[in-house]
$ cat target-v7.cif   # mmCIF, C-alpha atoms and all ligand atoms
data_work
loop_
_atom_site.label_atom_id
_atom_site.label_comp_id
_atom_site.auth_asym_id
_atom_site.auth_seq_id
_atom_site.Cartn_x
_atom_site.Cartn_y
_atom_site.Cartn_z
CA MET H 190 -7.23 51.45 45.35
CA LYS H 191 -9.53 49.96 42.71
CA PHE H 192 -12.16 52.25 41.15
CA LEU H 193 -14.69 50.01 39.39
CA THR H 194 -18.21 50.32 38.05
CA VAL H 195 -20.83 47.92 39.37
CA THR H 196 -20.68 44.49 37.68
CA GLN H 197 -21.09 40.96 39.02
CA GLU H 198 -17.31 40.69 39.02
CA SER H 199 -16.65 43.93 40.88
CA LEU H 200 -19.37 43.06 43.41
CA GLU H 201 -17.67 39.73 44.07
CA MET H 202 -14.32 41.44 44.46
CA GLY H 203 -15.92 43.91 46.86
CA ALA H 204 -17.50 41.13 48.89
CA ASN H 205 -14.10 39.44 49.20
CA ILE H 206 -12.54 42.69 50.40
CA LEU H 207 -15.20 42.83 53.12
CA LYS H 208 -14.60 39.19 54.12
CA GLU H 209 -10.85 39.86 54.36
CA GLY H 210 -11.32 42.86 56.64
CA GLY H 211 -10.83 45.59 54.02
CA LEU H 212 -12.74 48.78 53.28
CA ILE H 213 -14.96 49.41 50.28
CA ALA H 214 -16.95 52.49 49.33
CA PHE H 215 -20.26 51.54 47.74
CA PRO H 216 -23.38 53.28 46.44
CA THR H 217 -26.62 53.46 48.39
CA GLU H 218 -29.79 55.38 47.53
CA THR H 219 -28.90 58.08 50.07
CA VAL H 220 -25.13 58.72 49.89
CA TYR H 221 -22.06 56.54 49.32
CA GLY H 222 -21.10 54.41 52.32
CA LEU H 223 -17.68 53.28 53.51
CA GLY H 224 -18.22 49.65 54.38
CA ALA H 225 -16.49 47.12 56.60
CA ASP H 226 -17.54 43.77 58.09
CA ALA H 227 -19.75 44.75 61.04
CA PHE H 228 -18.46 41.79 63.09
CA ASN H 229 -14.75 42.48 62.56
CA PRO H 230 -13.37 44.99 65.11
CA LEU H 231 -10.07 45.51 63.25
CA ALA H 232 -11.87 46.34 60.02
CA LEU H 233 -14.17 48.69 61.92
CA ALA H 234 -11.19 50.45 63.48
CA LYS H 235 -9.93 51.23 59.97
CA ILE H 236 -13.16 53.11 59.18
CA PHE H 237 -12.55 55.45 62.11
CA ASP H 238 -8.89 55.95 61.08
CA VAL H 239 -9.57 56.64 57.42
CA LYS H 240 -12.46 59.03 58.08
CA LYS H 241 -10.69 60.68 61.05
CA ARG H 242 -13.93 59.96 62.83
CA PRO H 243 -14.06 60.23 66.64
CA HIS H 244 -14.71 56.90 68.34
CA PHE H 245 -17.77 58.27 70.14
CA ASP H 246 -19.69 58.45 66.83
CA PRO H 247 -21.49 55.14 66.18
CA LEU H 248 -21.82 53.50 62.75
CA ILE H 249 -24.95 52.35 60.90
CA ILE H 250 -25.18 48.58 60.29
CA HIS H 251 -26.47 47.62 56.83
CA ILE H 252 -28.35 44.42 56.07
CA ALA H 253 -29.87 43.03 52.86
CA PHE H 254 -32.86 41.09 54.23
CA ILE H 255 -35.38 41.93 56.95
CA ASN H 256 -34.64 38.47 58.40
CA SER H 257 -31.04 39.51 59.06
CA LEU H 258 -32.32 41.87 61.77
CA GLU H 259 -32.09 38.99 64.25
CA ASN H 260 -28.31 38.71 63.60
CA VAL H 261 -27.58 42.32 64.47
CA ALA H 262 -30.29 43.26 67.00
CA ASP H 263 -31.31 41.66 70.30
CA PHE H 264 -35.08 41.34 70.36
CA SER H 265 -35.07 39.77 73.81
CA LEU H 266 -34.46 43.27 75.16
CA ILE H 267 -37.58 44.88 73.72
CA ASN H 268 -41.24 44.29 74.48
CA LYS H 269 -43.80 42.79 72.13
CA GLU H 270 -45.35 46.09 71.16
CA THR H 271 -42.02 47.66 70.23
CA ARG H 272 -41.15 44.56 68.27
CA LYS H 273 -44.39 44.98 66.33
CA THR H 274 -43.53 48.61 65.61
CA VAL H 275 -40.07 47.63 64.35
CA PHE H 276 -41.49 45.14 61.88
CA LEU H 277 -44.25 47.55 60.82
CA LEU H 278 -41.57 50.17 60.07
CA ALA H 279 -39.34 47.63 58.33
CA GLU H 280 -42.14 46.27 56.17
CA ASN H 281 -43.24 49.76 55.13
CA PHE H 282 -39.95 51.58 54.73
CA TRP H 283 -37.36 48.91 53.93
CA PRO H 284 -35.50 48.74 51.75
CA GLY H 285 -35.16 52.49 52.12
CA PRO H 286 -33.64 55.51 53.87
CA LEU H 287 -34.59 54.67 57.45
CA SER H 288 -32.15 53.56 60.16
CA ILE H 289 -33.80 52.04 63.21
CA VAL H 290 -31.97 52.19 66.55
CA LEU H 291 -32.41 48.88 68.41
CA PRO H 292 -30.66 47.01 71.23
CA LYS H 293 -27.59 45.51 69.59
CA ASN H 294 -26.80 41.84 69.30
CA GLU H 295 -23.81 40.98 71.52
CA ARG H 296 -21.90 39.76 68.45
CA ILE H 297 -21.65 43.35 67.17
CA PRO H 298 -18.39 44.69 68.63
CA GLY H 299 -18.57 47.78 70.83
CA ILE H 300 -16.37 49.77 68.46
CA ALA H 301 -19.20 49.71 65.85
CA THR H 302 -21.65 51.38 68.20
CA ALA H 303 -19.23 53.64 70.08
CA GLY H 304 -19.75 51.53 73.19
CA LEU H 305 -23.53 51.94 73.13
CA SER H 306 -25.80 48.99 73.82
CA THR H 307 -27.86 49.98 70.78
CA ALA H 308 -27.17 49.90 67.04
CA ALA H 309 -28.69 51.84 64.14
CA ILE H 310 -29.72 49.32 61.47
CA ARG H 311 -30.75 49.88 57.89
CA PHE H 312 -31.64 47.96 54.73
CA PRO H 313 -30.62 50.19 51.80
CA ASP H 314 -32.72 50.49 48.64
CA ASN H 315 -29.90 50.06 46.15
CA GLU H 316 -29.39 46.86 44.21
CA ALA H 317 -25.59 47.03 44.18
CA ALA H 318 -25.50 47.62 47.94
CA GLN H 319 -27.88 44.72 48.54
CA LYS H 320 -25.86 42.35 46.34
CA LEU H 321 -22.59 43.41 47.93
CA ILE H 322 -23.96 42.79 51.42
CA SER H 323 -25.49 39.42 50.56
CA LEU H 324 -22.40 38.23 48.67
CA SER H 325 -20.24 39.14 51.65
CA GLY H 326 -22.42 36.97 53.87
CA THR H 327 -22.13 39.48 56.70
CA ALA H 328 -23.68 42.71 57.89
CA VAL H 329 -21.87 45.84 56.72
CA ALA H 330 -21.11 48.76 59.01
CA ALA H 331 -20.97 51.89 56.89
CA PRO H 332 -20.85 55.57 57.67
CA SER H 333 -20.97 58.03 54.79
CA ALA H 334 -17.75 57.72 52.76
CA ASN H 335 -16.32 61.19 53.45
CA LEU H 336 -13.88 62.71 55.92
CA PHE H 337 -15.49 63.33 59.29
CA SER H 338 -17.71 66.44 59.41
CA SER H 339 -17.29 67.33 55.72
CA LEU H 340 -19.79 67.20 52.84
CA SER H 341 -21.34 63.79 52.20
CA PRO H 342 -20.51 61.97 48.93
CA THR H 343 -23.33 61.45 46.44
CA ARG H 344 -20.99 60.29 43.63
CA ALA H 345 -18.10 57.83 43.49
CA GLU H 346 -15.84 60.72 42.38
CA HIS H 347 -16.57 62.57 45.65
CA VAL H 348 -15.26 59.52 47.53
CA ARG H 349 -12.17 59.30 45.33
CA ASP H 350 -11.40 63.00 45.92
CA SER H 351 -11.61 62.77 49.71
CA LEU H 352 -10.60 59.23 50.70
CA GLY H 353 -8.85 58.04 47.52
CA GLU H 354 -5.89 55.79 48.17
CA LYS H 355 -6.73 55.16 51.82
CA ILE H 356 -9.35 52.53 50.98
CA ASP H 357 -9.24 49.25 49.05
CA MET H 358 -11.96 49.86 46.51
CA ILE H 359 -14.61 52.30 45.28
CA LEU H 360 -17.63 50.80 43.59
CA ASP H 361 -19.16 53.32 41.19
CA GLY H 362 -22.93 53.02 40.89
CA GLY H 363 -23.62 56.52 39.56
CA PRO H 364 -25.18 59.42 41.46
CA ALA H 365 -27.18 58.66 44.62
CA ARG H 366 -30.93 58.83 43.99
CA ILE H 367 -32.08 60.45 47.24
CA GLY H 368 -29.02 62.50 48.10
CA VAL H 369 -29.50 62.98 51.86
CA GLU H 370 -28.73 60.37 54.51
CA SER H 371 -31.25 58.08 56.13
CA THR H 372 -33.59 59.22 58.88
CA VAL H 373 -32.32 57.84 62.21
CA LEU H 374 -35.23 56.72 64.39
CA ASP H 375 -34.76 55.59 67.98
CA ILE H 376 -37.40 53.16 69.20
CA THR H 377 -35.60 52.12 72.39
CA GLY H 378 -36.82 54.89 74.72
CA ASP H 379 -40.24 55.70 76.22
CA LYS H 380 -41.01 57.79 73.19
CA ILE H 381 -40.03 57.08 69.58
CA LYS H 382 -37.65 59.79 68.48
CA ILE H 383 -36.14 61.08 65.25
CA LEU H 384 -32.44 61.54 66.04
CA ARG H 385 -31.56 62.74 62.55
CA PRO H 386 -34.04 63.89 59.90
CA GLY H 387 -33.31 62.26 56.56
CA GLY H 388 -34.59 60.51 53.46
CA THR H 389 -37.75 59.15 55.09
CA PRO H 390 -39.88 62.20 55.91
CA ARG H 391 -41.29 62.62 59.41
CA GLU H 392 -44.81 62.83 57.95
CA ALA H 393 -44.51 59.36 56.39
CA ILE H 394 -43.36 57.86 59.71
CA GLU H 395 -46.11 59.63 61.66
CA ASN H 396 -48.77 58.46 59.20
CA LEU H 397 -47.77 54.92 59.98
CA ILE H 398 -47.09 54.91 63.73
CA GLY H 399 -48.45 58.21 65.05
CA PRO H 400 -46.56 61.23 66.44
CA VAL H 401 -42.83 60.86 67.06
CA ASP H 402 -40.62 63.05 69.19
CA GLY H 403 -38.63 66.05 67.99
CA SER H 404 -35.65 66.00 65.72
CA CYS H 405 -32.31 67.61 66.33
CA ILE H 406 -33.27 71.13 65.40
CA ILE H 407 -30.27 73.41 65.75
CA GLU H 408 -30.93 75.98 68.39
CA GLN H 409 -28.61 78.89 68.81
CA GLY H 410 -26.29 78.42 71.72
CA ALA H 411 -27.92 75.19 72.90
CA GLU H 412 -26.67 71.70 72.17
CA LYS H 413 -29.88 69.75 71.68
CA PHE H 414 -28.64 66.52 70.19
CA THR H 415 -29.44 63.37 72.06
CA SER H 416 -27.45 61.04 69.84
CA PRO H 417 -23.69 60.77 70.02
CA GLY H 418 -22.27 61.98 66.77
CA GLN H 419 -25.17 64.28 66.02
CA MET H 420 -22.79 67.20 66.14
CA LYS H 421 -23.99 70.71 65.46
CA SER H 422 -21.15 71.38 63.06
CA HIS H 423 -21.21 68.72 60.37
CA TYR H 424 -21.73 68.28 56.63
CA ALA H 425 -19.63 71.42 56.13
CA PRO H 426 -18.11 72.66 52.87
CA LYS H 427 -14.64 74.23 53.13
CA THR H 428 -16.12 77.53 51.97
CA PRO H 429 -18.02 79.35 54.75
CA LEU H 430 -21.74 78.67 54.31
CA TYR H 431 -24.57 80.95 55.47
CA VAL H 432 -28.21 79.90 55.50
CA LEU H 433 -30.80 82.61 54.97
CA LYS H 434 -34.60 82.64 54.89
CA SER H 435 -36.05 83.47 51.46
CA ASP H 436 -36.86 87.09 52.37
CA ASP H 437 -33.30 87.60 53.61
CA ILE H 438 -31.52 86.00 50.68
CA ILE H 439 -33.59 88.10 48.25
CA ARG H 440 -32.20 91.21 49.94
CA ARG H 441 -28.60 89.98 49.85
CA PRO H 442 -26.72 91.89 47.10
CA TYR H 443 -24.53 90.02 44.65
CA ASP H 444 -20.77 90.49 44.89
CA ASP H 445 -17.95 88.74 43.04
CA THR H 446 -16.68 86.87 46.09
CA SER H 447 -19.91 85.02 46.90
CA VAL H 448 -22.07 82.37 45.31
CA PHE H 449 -25.80 81.82 45.83
CA LEU H 450 -27.68 78.58 46.26
CA PHE H 451 -31.45 78.89 45.90
CA PHE H 452 -34.02 76.30 46.80
CA ASP H 453 -36.37 77.26 43.94
CA GLY H 454 -36.51 79.28 40.73
CA LEU H 455 -39.13 81.74 42.02
CA THR H 456 -36.89 82.98 44.82
CA ARG H 457 -33.89 83.16 42.46
CA ASN H 458 -35.98 85.31 40.09
CA ALA H 459 -37.08 87.63 42.88
CA TRP H 460 -33.44 87.96 44.00
CA ARG H 461 -32.23 88.62 40.44
CA ASP H 462 -34.89 91.32 39.96
CA ALA H 463 -33.62 93.03 43.09
CA GLN H 464 -29.97 93.16 41.93
CA THR H 465 -28.40 96.33 40.60
CA LYS H 466 -25.35 94.49 39.28
CA THR H 467 -26.14 92.54 36.11
CA GLN H 468 -22.70 91.07 35.33
CA MET H 469 -22.25 87.92 37.35
CA LEU H 470 -19.61 85.21 37.37
CA PRO H 471 -20.69 82.01 35.63
CA ASP H 472 -21.76 79.33 38.15
CA ALA H 473 -22.29 81.97 40.84
CA VAL H 474 -25.99 81.18 41.08
CA LYS H 475 -27.45 77.69 41.48
CA VAL H 476 -30.97 76.44 42.07
CA LEU H 477 -31.71 73.09 43.72
CA SER H 478 -35.03 72.72 41.93
CA GLU H 479 -36.49 75.25 39.44
CA SER H 480 -40.03 74.14 40.27
CA GLY H 481 -39.34 73.81 44.02
CA HIS H 482 -39.69 70.03 43.87
CA MET H 483 -38.51 68.69 47.22
CA SER H 484 -36.99 65.35 46.22
CA GLU H 485 -35.22 66.90 43.24
CA ALA H 486 -33.76 69.52 45.60
CA ALA H 487 -32.60 66.87 48.11
CA SER H 488 -31.03 64.72 45.41
CA CYS H 489 -28.73 67.50 44.21
CA LEU H 490 -28.04 69.24 47.55
CA PHE H 491 -24.62 67.73 48.34
CA GLU H 492 -23.58 67.57 44.71
CA THR H 493 -24.28 71.29 44.23
CA LEU H 494 -22.50 72.13 47.48
CA HIS H 495 -19.47 70.13 46.28
CA GLU H 496 -19.50 72.14 43.02
CA LEU H 497 -19.83 75.51 44.75
CA ASP H 498 -17.13 74.54 47.23
CA ASN H 499 -14.71 73.89 44.37
CA LEU H 500 -15.12 77.42 42.97
CA ASN H 501 -12.86 78.78 45.73
CA VAL H 502 -15.02 81.77 46.58
CA SER H 503 -15.29 83.41 50.01
CA ARG H 504 -18.88 82.64 50.88
CA ILE H 505 -21.83 80.47 49.95
CA PHE H 506 -25.27 81.94 50.70
CA ALA H 507 -27.97 79.27 50.74
CA GLN H 508 -31.73 79.62 50.97
CA GLU H 509 -33.55 77.66 53.66
CA ALA H 510 -35.98 75.06 52.25
CA PRO H 511 -39.62 74.83 53.35
CA GLN H 512 -39.58 72.74 56.55
CA THR H 513 -41.85 69.95 55.22
CA GLY H 514 -41.08 66.45 53.92
CA LEU H 515 -37.42 66.14 52.94
CA GLY H 516 -37.08 69.89 53.65
CA GLU H 517 -36.45 69.00 57.29
CA ALA H 518 -33.37 66.98 56.26
CA ILE H 519 -32.19 69.62 53.75
CA ASN H 520 -32.37 72.36 56.40
CA ASP H 521 -30.69 70.16 59.00
CA ARG H 522 -27.72 69.58 56.66
CA LEU H 523 -27.53 73.23 55.58
CA LYS H 524 -27.66 74.52 59.15
CA ARG H 525 -25.07 72.10 60.42
CA GLY H 526 -22.86 72.95 57.44
CA ALA H 527 -23.22 76.61 58.42
CA GLU H 528 -22.77 76.11 62.15
CA LYS H 529 -19.11 77.17 62.24
CA ASN H 530 -20.12 80.56 60.82
CA GLN H 531 -23.01 81.10 63.17
CA ASN H 532 -21.54 84.14 64.89
CA MET H 533 -21.01 85.72 61.51
CA ASN H 534 -24.61 84.88 60.59
CA HIS H 535 -25.79 87.32 63.24
CA SER H 536 -24.01 90.19 61.61
CA LEU H 537 -25.23 89.44 58.09
O1 LIG J 601 -27.97 57.11 54.67
C1 LIG J 601 -27.19 56.83 55.57
O2 LIG J 601 -27.55 56.66 56.74
C2 LIG J 601 -25.71 56.67 55.20
C3 LIG J 601 -25.56 55.51 54.23
C4 LIG J 601 -24.13 55.19 53.91
O3 LIG J 601 -26.25 54.40 54.73
N1 LIG J 601 -24.90 56.50 56.36
C5 LIG J 601 -24.65 57.51 57.24
O4 LIG J 601 -23.82 57.16 58.28
O5 LIG J 601 -25.11 58.62 57.12
P1 LIG J 601 -23.08 58.22 59.24
O6 LIG J 601 -22.14 57.44 60.05
O7 LIG J 601 -22.52 59.31 58.43
O8 LIG J 601 -24.21 58.73 60.18
C6 LIG J 601 -24.79 57.84 61.11
C7 LIG J 601 -25.40 58.55 62.26
C8 LIG J 601 -24.34 58.87 63.27
O9 LIG J 601 -23.95 60.21 63.22
C9 LIG J 601 -24.97 58.54 64.59
O10 LIG J 601 -25.22 59.66 65.34
C10 LIG J 601 -26.28 57.84 64.28
O11 LIG J 601 -26.32 57.63 62.90
N2 LIG J 601 -26.25 56.58 65.01
C11 LIG J 601 -25.62 55.44 64.66
N3 LIG J 601 -25.78 54.51 65.62
C12 LIG J 601 -26.52 55.06 66.60
C13 LIG J 601 -27.01 54.60 67.86
N4 LIG J 601 -26.79 53.39 68.31
N5 LIG J 601 -27.73 55.46 68.60
C14 LIG J 601 -27.99 56.70 68.15
N6 LIG J 601 -27.54 57.20 66.97
C15 LIG J 601 -26.82 56.40 66.20
MG MG J 602 -21.86 61.09 57.74
#
$ encode --input "target-v7.cif" --output "structure tokens"
Amino acid sequence: MKFLTVTQESLEMGANILKEGGLIAFPTETVYGLGADAFNPLALAKIFDVKKRPHFDPLIIHIAFINSLENVADFSLINKETRKTVFLLAENFWPGPLSIVLPKNERIPGIATAGLSTAAIRFPDNEAAQKLISLSGTAVAAPSANLFSSLSPTRAEHVRDSLGEKIDMILDGGPARIGVESTVLDITGDKIKILRPGGTPREAIENLIGPVDGSCIIEQGAEKFTSPGQMKSHYAPKTPLYVLKSDDIIRRPYDDTSVFLFFDGLTRNAWRDAQTKTQMLPDAVKVLSESGHMSEAASCLFETLHELDNLNVSRIFAQEAPQTGLGEAINDRLKRGAEKNQNMNHSL
């Protein structure tokens, strides 16, 4: 496996790997992707193998020009009004963290979309990703470059630690700017629907096209996801994670086997004031954003979870974010990361 920083030369090497049916991890503004030629079924099969990803979980297809939409989607299957909405969304949010679910072009093999007749398509806002895609001359299918259901990679090192030698190349473009995955928006049904909250906030989408249908809020006991692959348990650290509302985390006493992840400095201060124990392990307390700044919090969410996960403690307690803007995506990831421990959550 080659681990290279982004240069013209490494981008050209990466593009050749794609053309030859290989796998390359590359930076995007959201998280690192694991890319393969979207038209090559054998290359796509490797993505599923390497990630240990179930074949019912469809991939996102990445393009580097709005014009390329015609190569990956089939516009003959949607009406004029929907077509207008697609281009309105694309012109306003692309390049950027929005994946639009559209009828797929028949040239996209079924393995890419888990047999669905639709494909999620996105134009990433990262120069290296754009150059890689355009040099390859193809569209690039890329899920997040991590093992299935584990924490998403926001740095090239995260990819190396989890997928390492199983892929042909890792292109290091530094830490991901946004830090949570794209919003997945389905425009193929009667109502436009957010299938996964992400880097493009619901409010921004609604300002442009009016109200959109619910997202995949985790409801206890009920599987509410409409999209294949939108599993309740996902994005999980190895260490059991528990998500608590601010009032509850403030009341949670410190102990040496747990670490605490706060959304903002104010809540951390209130929690610290309530503690009787003053000696704490270094790194046991982290804050996503001292000032409670939402995009700062999102950008370091996965990175901080990776760090806490490596401390080998028994539990991570995390504070729920306010449910506005990117907070919807932060809470979605935290709650799915905590899903396996849900029964325990009741007794906390
Ligand atoms: O920001 C991102 O979206 C990153 C970067 C690499 O672009 N990619 C990413 O891919 O998060 P992945 O595979 O980890 O998540 C894609 C999700 C899938 O879980 C799937 O449910 C949804 O997008 N999806 C893909 N195609 C779909 C389709 N045709 N219909 C409904 N949902 C789809
Ligand atoms: Mg993923």
$ residues_near_ligand --input "target-v7.cif" --ligand "ligand MG 602 (chain J)" --cutoff "12 Å" --atoms "only C-alpha atoms and all ligand atoms" --output "number ranges by chain"
H: 219-223, 236-237, 240-243, 246-249, 331-343, 369-373, 385, 387, 418-420, 422-425, 491, 522, 525-526
$ atom_distance --input "target-v7.cif" --atom1 "atom C9 of ligand LIG 601 (chain J)" --atom2 "atom CA of H:Glu354"
25.3 Å
$ residues_around --input "target-v7.cif" --residues "H:Thr493" --least-positions-apart "6" --cutoff "10 Å" --atoms "only C-alpha atoms" --output "JSON, numbers by chain"
{"H": [450, 475, 476, 477, 486, 499]}
$ closest_residue --input "target-v7.cif" --among "H:Gly203, H:Gly210, H:Gly362, H:Pro386" --to "ligand LIG 601 (chain J)" --atoms "only C-alpha atoms and all ligand atoms"
H:Pro386
$ residues_around --input "target-v7.cif" --residues "stretch 312-318 of chain H" --least-positions-apart "4" --cutoff "6 Å" --atoms "only C-alpha atoms" --output "list in words"
Thr217, Glu218, His251, Ile252, Ala253, Trp283, Pro284 and Gly285 of chain H
$ atom_distance --input "target-v7.cif" --atom1 "atom CA of H:Asn260" --atom2 "atom CA of H:Asn396"
28.8 Å
$ closest_residue --input "target-v7.cif" --among "H:Leu433, H:Ile250, H:Leu497, H:Leu360" --to "ligand LIG 601 (chain J)" --atoms "only C-alpha atoms and all ligand atoms"
H:Ile250
$ closest_residue --input "target-v7.cif" --among "H:Asn281, H:Asn229, H:Ser257, H:Thr307" --to "ligand LIG 601 (chain J)" --atoms "all atoms listed in the file"
H:Thr307
$ build_atoms --input "target-v7.cif" --residues "stretch 192-200 of chain H" --atoms "all heavy atoms" --output "short mmCIF file (atom, residue, chain, number, x, y, z; two decimals), in the frame of the given file"
data_model
loop_
_atom_site.label_atom_id
_atom_site.label_comp_id
_atom_site.auth_asym_id
_atom_site.auth_seq_id
_atom_site.Cartn_x
_atom_site.Cartn_y
_atom_site.Cartn_z
N PHE H 192 -10.96 51.44 41.42
CA PHE H 192 -12.16 52.25 41.15
C PHE H 192 -12.92 51.55 40.04
O PHE H 192 -12.49 51.56 38.88
CB PHE H 192 -11.73 53.66 40.73
CG PHE H 192 -12.86 54.64 40.60
CD1 PHE H 192 -13.17 55.51 41.63
CD2 PHE H 192 -13.62 54.69 39.43
CE1 PHE H 192 -14.22 56.42 41.52
CE2 PHE H 192 -14.67 55.60 39.31
CZ PHE H 192 -14.97 56.47 40.36
N LEU H 193 -14.01 50.87 40.38
CA LEU H 193 -14.69 50.01 39.39
C LEU H 193 -16.19 50.30 39.34
O LEU H 193 -16.80 50.61 40.37
CB LEU H 193 -14.50 48.54 39.79
CG LEU H 193 -13.06 48.01 39.85
CD1 LEU H 193 -13.04 46.61 40.44
CD2 LEU H 193 -12.43 48.00 38.47
N THR H 194 -16.75 50.20 38.13
CA THR H 194 -18.21 50.32 38.05
C THR H 194 -18.84 49.01 38.53
O THR H 194 -18.17 47.98 38.60
CB THR H 194 -18.69 50.61 36.61
OG1 THR H 194 -18.10 49.64 35.76
CG2 THR H 194 -18.29 52.00 36.16
N VAL H 195 -20.14 49.09 38.83
CA VAL H 195 -20.83 47.92 39.37
C VAL H 195 -21.01 46.85 38.29
O VAL H 195 -21.61 47.11 37.25
CB VAL H 195 -22.22 48.33 39.91
CG1 VAL H 195 -23.02 47.10 40.31
CG2 VAL H 195 -22.08 49.29 41.07
N THR H 196 -20.44 45.68 38.51
CA THR H 196 -20.68 44.49 37.68
C THR H 196 -20.70 43.30 38.64
O THR H 196 -20.30 43.46 39.81
CB THR H 196 -19.53 44.23 36.67
OG1 THR H 196 -18.30 44.08 37.42
CG2 THR H 196 -19.37 45.36 35.66
N GLN H 197 -21.11 42.15 38.16
CA GLN H 197 -21.09 40.96 39.02
C GLN H 197 -19.67 40.74 39.55
O GLN H 197 -19.46 40.46 40.72
CB GLN H 197 -21.60 39.75 38.22
CG GLN H 197 -21.74 38.47 39.03
CD GLN H 197 -22.73 38.58 40.19
OE1 GLN H 197 -23.68 39.38 40.14
NE2 GLN H 197 -22.50 37.82 41.25
N GLU H 198 -18.70 40.93 38.64
CA GLU H 198 -17.31 40.69 39.02
C GLU H 198 -16.83 41.67 40.10
O GLU H 198 -16.21 41.26 41.09
CB GLU H 198 -16.45 40.83 37.76
CG GLU H 198 -15.16 40.07 37.82
CD GLU H 198 -14.31 40.33 36.57
OE1 GLU H 198 -14.83 40.88 35.57
OE2 GLU H 198 -13.11 40.02 36.64
N SER H 199 -17.12 42.96 39.89
CA SER H 199 -16.65 43.93 40.88
C SER H 199 -17.37 43.74 42.22
O SER H 199 -16.79 43.94 43.29
CB SER H 199 -16.80 45.37 40.37
OG SER H 199 -18.14 45.67 40.11
N LEU H 200 -18.65 43.32 42.16
CA LEU H 200 -19.37 43.06 43.41
C LEU H 200 -18.72 41.89 44.17
O LEU H 200 -18.57 41.94 45.39
CB LEU H 200 -20.84 42.74 43.12
CG LEU H 200 -21.70 43.95 42.72
CD1 LEU H 200 -23.04 43.49 42.15
CD2 LEU H 200 -21.93 44.88 43.90
#
